[in-house]
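One structure is given here, and the rest of the page talks about it.
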Amino acid sequence: SLEYTYEQNGETKTSVVDCVLFAIGREPATDGINIESTGVKLDARNRVIVDAMQNTSTSKVYALGDVCGKAELTPVAIAAGRKLSDRLFSGVAPYSRLDYENIPTAIFSHPPIGTCGMSEDEAVKVYGKEAIKVYRSKFTNMYHAMTEHKSPTFMKIVTVLPEEKIVGMHMLGIAADEMAQWLGVATKLGLTKAQLDSVIAVHPSSAEEFVTMT
């Protein structure tokens, strides 16, 4: 085992773990292509600076995808490319651009994670603690009914009062990666908790917990 010491909320904490995984991120491959000759501006990490329409600092030069350092996911780059293409070449979508808010994503860990929207802490910072209501659930998936190793399932719904509009949905557990897509639908469309509760549960499944949480 390893003893891991870290800072959290100004406190020094220590945990004993089996291993430590460092997610150090990636650097864009903007070196060695003479990009400085184009006048395209980069940030401190050599990522291309773009506006909401994927415009760089140089006219008629555009950038999208991981090189911009925002939501580094393949479907995001594809969607941004399609929106940019529509704007430049369709003639009917002059304001076409990708909305980078509420992008669902999954972490293919064991157990997997599915998430979309704000975390509880992010919602508190934006709306204030008194303006949010959070629903939580923790249980053991039925899959583990006859197994010795029983990995837990955690679910969380973050809502904003008074309508209880959903601003974040998160899950860790079996099939969370497969459910991430519909978590994105609910969050992106701004459904309320009442609308979510109006959906009939699929039983027995983990997914039903999202529409029966109290």
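Ordering of the structure tokens sets the chain letters (A, B, ...); residue numbers start at 1 within each chain; ligands are numbered from 1 in the order shown.
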Open item on the list: Give me, as a PyMOL selection string, the residues of range 13-89 of chain A that a backbone DSSP run labels strand (DSSP E).
Closed with: chain A and resi 13-17
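Residues surrounding Lys83 in chain A within 10 Å are Met53, Gln54, Ala77, Ile78, Leu88, Ser90, Ala93, Pro94, Tyr95, Ser96, Arg97, Leu98 and Asp99 of chain A [only C-alpha atoms; sequence separation below 5 positions excluded].
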Please dump the current selection as a tab-separated table (two decimals), in the first residue's frame; keep all heavy atoms.
chain	number	residue	atom	x	y	z
A	53	MET	N	-17.16	31.19	-31.89
A	53	MET	CA	-17.45	30.77	-33.25
A	53	MET	C	-16.28	30.01	-33.87
A	53	MET	O	-16.23	29.80	-35.08
A	53	MET	CB	-17.80	31.98	-34.12
A	53	MET	CG	-18.91	32.86	-33.55
A	53	MET	SD	-20.49	32.01	-33.41
A	53	MET	CE	-21.05	32.06	-35.09
A	54	GLN	N	-15.29	29.63	-33.06
A	54	GLN	CA	-14.08	28.91	-33.48
A	54	GLN	C	-13.13	29.78	-34.29
A	54	GLN	O	-12.21	29.28	-34.95
A	54	GLN	CB	-14.42	27.64	-34.28
A	54	GLN	CG	-15.44	26.72	-33.66
A	54	GLN	CD	-15.02	26.10	-32.33
A	54	GLN	OE1	-15.85	25.73	-31.52
A	54	GLN	NE2	-13.72	25.99	-32.11
A	77	ALA	N	-15.20	17.55	-31.00
A	77	ALA	CA	-14.51	18.05	-32.18
A	77	ALA	C	-15.34	17.83	-33.44
A	77	ALA	O	-15.42	18.70	-34.31
A	77	ALA	CB	-13.15	17.36	-32.32
A	78	ILE	N	-15.98	16.67	-33.55
A	78	ILE	CA	-16.83	16.38	-34.71
A	78	ILE	C	-18.00	17.36	-34.79
A	78	ILE	O	-18.29	17.94	-35.84
A	78	ILE	CB	-17.36	14.93	-34.65
A	78	ILE	CG1	-16.19	13.94	-34.83
A	78	ILE	CG2	-18.43	14.69	-35.71
A	78	ILE	CD1	-16.58	12.50	-34.57
A	88	LEU	N	-19.85	28.27	-42.49
A	88	LEU	CA	-19.01	28.77	-43.57
A	88	LEU	C	-19.56	28.46	-44.96
A	88	LEU	O	-19.37	29.23	-45.89
A	88	LEU	CB	-17.59	28.18	-43.44
A	88	LEU	CG	-16.80	28.56	-42.18
A	88	LEU	CD1	-15.45	27.87	-42.20
A	88	LEU	CD2	-16.63	30.07	-42.09
A	90	SER	N	-22.89	26.54	-45.73
A	90	SER	CA	-24.29	26.23	-46.02
A	90	SER	C	-25.06	27.42	-46.57
A	90	SER	O	-26.01	27.26	-47.34
A	90	SER	CB	-25.00	25.71	-44.77
A	90	SER	OG	-25.22	26.76	-43.85
A	93	ALA	N	-26.88	29.17	-42.25
A	93	ALA	CA	-26.64	29.09	-40.80
A	93	ALA	C	-25.49	30.00	-40.40
A	93	ALA	O	-24.44	29.54	-39.96
A	93	ALA	CB	-26.35	27.65	-40.38
A	94	PRO	N	-25.66	31.31	-40.54
A	94	PRO	CA	-24.56	32.25	-40.29
A	94	PRO	C	-24.11	32.32	-38.83
A	94	PRO	O	-23.02	32.82	-38.55
A	94	PRO	CB	-25.13	33.60	-40.75
A	94	PRO	CG	-26.61	33.45	-40.61
A	94	PRO	CD	-26.89	32.01	-40.96
A	95	TYR	N	-24.95	31.84	-37.91
A	95	TYR	CA	-24.59	31.90	-36.49
A	95	TYR	C	-24.40	30.51	-35.88
A	95	TYR	O	-24.46	30.34	-34.66
A	95	TYR	CB	-25.67	32.68	-35.72
A	95	TYR	CG	-25.88	34.07	-36.25
A	95	TYR	CD1	-27.02	34.38	-36.99
A	95	TYR	CD2	-24.93	35.07	-36.05
A	95	TYR	CE1	-27.22	35.66	-37.51
A	95	TYR	CE2	-25.11	36.35	-36.57
A	95	TYR	CZ	-26.24	36.63	-37.30
A	95	TYR	OH	-26.42	37.88	-37.82
A	96	SER	N	-24.20	29.53	-36.74
A	96	SER	CA	-24.04	28.15	-36.27
A	96	SER	C	-22.77	28.01	-35.44
A	96	SER	O	-21.67	28.37	-35.87
A	96	SER	CB	-23.98	27.20	-37.48
A	96	SER	OG	-23.72	25.89	-37.06
A	97	ARG	N	-22.92	27.51	-34.22
A	97	ARG	CA	-21.76	27.27	-33.36
A	97	ARG	C	-22.11	26.21	-32.34
A	97	ARG	O	-23.28	25.95	-32.05
A	97	ARG	CB	-21.34	28.55	-32.64
A	97	ARG	CG	-22.34	29.06	-31.62
A	97	ARG	CD	-21.84	30.33	-30.96
A	97	ARG	NE	-22.75	30.84	-29.93
A	97	ARG	CZ	-22.72	30.46	-28.65
A	97	ARG	NH1	-21.83	29.57	-28.24
A	97	ARG	NH2	-23.57	30.95	-27.78
A	98	LEU	N	-21.10	25.60	-31.78
A	98	LEU	CA	-21.31	24.56	-30.78
A	98	LEU	C	-21.52	25.15	-29.40
A	98	LEU	O	-20.79	26.06	-28.99
A	98	LEU	CB	-20.11	23.60	-30.76
A	98	LEU	CG	-20.20	22.43	-29.77
A	98	LEU	CD1	-21.34	21.50	-30.14
A	98	LEU	CD2	-18.89	21.67	-29.70
A	99	ASP	N	-22.51	24.64	-28.69
A	99	ASP	CA	-22.74	25.01	-27.30
A	99	ASP	C	-21.93	24.06	-26.43
A	99	ASP	O	-22.17	22.85	-26.41
A	99	ASP	CB	-24.24	24.90	-26.98
A	99	ASP	CG	-24.55	25.28	-25.55
A	99	ASP	OD1	-23.62	25.70	-24.82
A	99	ASP	OD2	-25.71	25.13	-25.14
- [ ] Kindly give the distance, in Å, that separates CA of Thr115 in chain A and CA of Ala52 in chain A, rounded to a single decimal.
- [x] 23.4 Å
Open item on the list: DSSP on the backbone: which residues in range 2-214 of chain A end up as alpha helix (DSSP H)? Give the answer as an MDAnalysis selection string.
Closed with: chainID A and resid 74:85 120:127 176:188 193:197
- [ ] Would you please work out which residue, of A:Thr105, A:Ser57, A:Asn9, A:Ser151, is nearest to Ala71 in chain A when using only C-alpha atoms?
- [x] A:Thr105
Open item on the list: Please compute the CA of Ile113 in chain A-CA of Ala176 in chain A distance, one decimal, in Å.
Closed with: 5.2 Å
At most 7 Å is the cut-off: for each residue in range 31-133 of chain A with any atom that close to an atom of range 180-185 of chain A, write down the nearest atom pair and the distance in Å rounded to one decimal, counting only C-alpha atoms, chain first then increasing number, as CSV.
residue,atom,partner,partner_atom,distance
A:Asn102,CA,A:Gly184,CA,6.7
A:Ile103,CA,A:Gly184,CA,6.5
A:Pro104,CA,A:Gly184,CA,4.9
A:Thr105,CA,A:Ala180,CA,6.3
A:Ala106,CA,A:Ala180,CA,6.3
A:Gly114,CA,A:Ala180,CA,4.5
A:Thr115,CA,A:Ala180,CA,5.9
A:Cys116,CA,A:Gly184,CA,5.6
Task: Separation of CA of Gly39 in chain A from CA of Cys68 in chain A, in Å and rounded to one decimal - done: 15.7 Å
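Near range 46-48 of chain A, within 8 Å and counting only C-alpha atoms, sit Glu27, Pro28, Thr30, Val40, Lys41, Thr56, Ala63, Val67, Cys68 and Gly69 of chain A, not including residues fewer than 5 positions from it in the same chain.
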Output file for the residues above (C-alpha atoms, as a PDB file, in the first residue's frame):
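Writing done, so here's out.pdb:
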ATOM      1  CA  GLU A  27      -0.031  19.278 -24.719  1.00  0.00           C
ATOM      2  CA  PRO A  28      -1.199  20.482 -28.142  1.00  0.00           C
ATOM      3  CA  THR A  30       1.463  23.445 -32.091  1.00  0.00           C
ATOM      4  CA  VAL A  40      -2.610  33.019 -34.552  1.00  0.00           C
ATOM      5  CA  LYS A  41      -2.393  33.612 -30.801  1.00  0.00           C
ATOM      6  CA  THR A  56      -8.723  32.464 -34.119  1.00  0.00           C
ATOM      7  CA  ALA A  63      -9.410  26.011 -34.935  1.00  0.00           C
ATOM      8  CA  VAL A  67      -5.824  21.916 -29.912  1.00  0.00           C
ATOM      9  CA  CYS A  68      -8.119  24.521 -28.305  1.00  0.00           C
ATOM     10  CA  GLY A  69      -8.036  22.734 -24.935  1.00  0.00           C
TER      11      GLY A  69
END
